[in-house]
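What follows is one structure encoded as structure tokens, with my remarks underneath.
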Amino acid sequence: MANSRARQQQMSEDSDSDSENQLTFAEALQNSAIRHVLLDQLQLSEALSPSMIEQFGIHLIGILLSIAAGAANAIAFAKFQYYVSHVSGSATAIGLREEDLQKGNVAPPVYLVVYFIVGAVLCGLIVHSNGMRLGQARYEVVLFLVAAMELVCWWHELRYPEWLAAAMGLQNAMITQWSTAVLRTTHMTGTATDLGSSFGRIIMRFLRLGYNLQDEDWNQHIADRKKLVLMICLLLSFIFGGYVGSVGYKAFKLHALFIPAGLTIILGLMHVAYCILKRREVAEETIAETVFRRQISGNSTMDDEDDPESAAQQQQFLQSKSPAAQFIRQISGQRPNPSGGPAKIPARLQGV
């Protein structure tokens, strides 16, 4: 009897010790193995979870921006003999012209590189975070600014290719932040690289496993296949944009810049419409992201007096039955209220 009580006491002490030694989610993320697994699952989720409408939207945005960039690049080369949608050629031209291995002054390619970077800096000032934030990030401002820069170049009768370079830097930075460096629309080097690597993984998977794919292998195959299709669409769209820009310049000269400017304006208006139609869903998503970000960062305390309305909204979200709220409660160690009332918020979520 005494031995039984001793064992129970020991088990109770071990349980208390385990509870005291529980890691937070933020602490767990410091482990590289956990980060690698989570990154793999996030990449799979990004490829597999979007609905057909979301996939169509991603493809449409990428295709239209690729056509616009290809057209702007073709128009710039037809007029100036410069490519403005990427930096590699201009950066190489600086050294070639310095050593008189290419005709022309050094200044023009230097300006193209600098203005491209300035455009990317402007995007960083407008869009503050990575990842797709439809309805939250001000993508329409970026798109309207890209179109404005292209129209400034048109207004000055195509005398300043630097404005087109800045527009391409701004557009490329936006799509890079939006897609977390998966999509590129102003240059096709990364697109061609992703196309080839995805196709290579598909071939190797079937050479190694044949048609006997397990669930995880099949999910990886679907993700690579979707990426392959998207990269092919972007590459063909950029080529088509170059053709459209060339035909437009031959027919309309400087007025051909209305083609890329018009496409970016259309996308900007589409995002404005999305913000209006989906404002309630966007607000709920913003609250969920705020609560989850504070939870995994360990900075979960919030003074109700600072923003009582926001605190009430987050408290209401945490007590809801949405999948996101349930997951946050799970990783935070929240337990139901024994009195039968609303679930209590754990110590590190107090004040949320």
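Quick note on naming: the chains in the structure tokens go A, B, ... in the order shown, residues restart at 1 in each chain, and ligands are numbered from 1 in order of appearance.
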
Next on the checklist: as a PyMOL selection string, please: the residues near Asp224 of chain A (cut-off 8 Å, only C-alpha atoms, same-chain neighbours under 5 positions excluded).
Outcome noted: chain A and resi 198-199+201-202

Next, dump the selected residues to file, keeping only N, CA and C atoms, as a tab-separated table (two decimals), in the first residue's frame.
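The resulting selection-v4.tsv:
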```tsv
chain	number	residue	atom	x	y	z
A	198	SER	N	11.60	21.44	-61.23
A	198	SER	CA	10.34	20.74	-60.97
A	198	SER	C	10.17	19.56	-61.91
A	199	PHE	N	10.49	19.77	-63.17
A	199	PHE	CA	10.39	18.68	-64.16
A	199	PHE	C	11.37	17.57	-63.83
A	201	ARG	N	12.49	16.73	-60.81
A	201	ARG	CA	12.00	15.98	-59.65
A	201	ARG	C	10.86	15.03	-60.04
A	202	ILE	N	10.02	15.46	-60.97
A	202	ILE	CA	8.93	14.59	-61.43
A	202	ILE	C	9.50	13.35	-62.11
```

Checklist entry - DSSP on the backbone: what in segment 96-213 of chain A comes out alpha helix (DSSP H), as number ranges by chain? => result A: 96-98, 107-126, 139-155, 161-178, 189-209

Residues of segment 170-195 of chain A at most 12 Å from segment 239-253 of chain A: nearest atom pair and distance in Å, only C-alpha atoms, as a Markdown table:
```
| residue | atom | partner | partner_atom | distance |
| --- | --- | --- | --- | --- |
| A:Thr185 | CA | A:Gly241 | CA | 10.8 |
| A:Thr186 | CA | A:Gly241 | CA | 10.6 |
| A:His187 | CA | A:Ile239 | CA | 10.6 |
| A:Met188 | CA | A:Ile239 | CA | 9.5 |
```

Next on the checklist: Need to verify the contact set: Ile126 of chain A, 9 Å, only C-alpha atoms, exclusion of same-chain residues closer than 3 positions in sequence. Can you return it as a PyMOL selection string?
Outcome noted: chain A and resi 121-123+137-139+141-142

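Reported to one decimal place, the separation of atom CA of Leu112 of chain A from atom CA of Gln177 of chain A is 21.6 Å.
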
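For the set A:His128, A:Arg208, A:His156, A:Arg184, the residue with the smallest atom-to-atom gap to Ile63 of chain A is A:Arg184, counting only C-alpha atoms.
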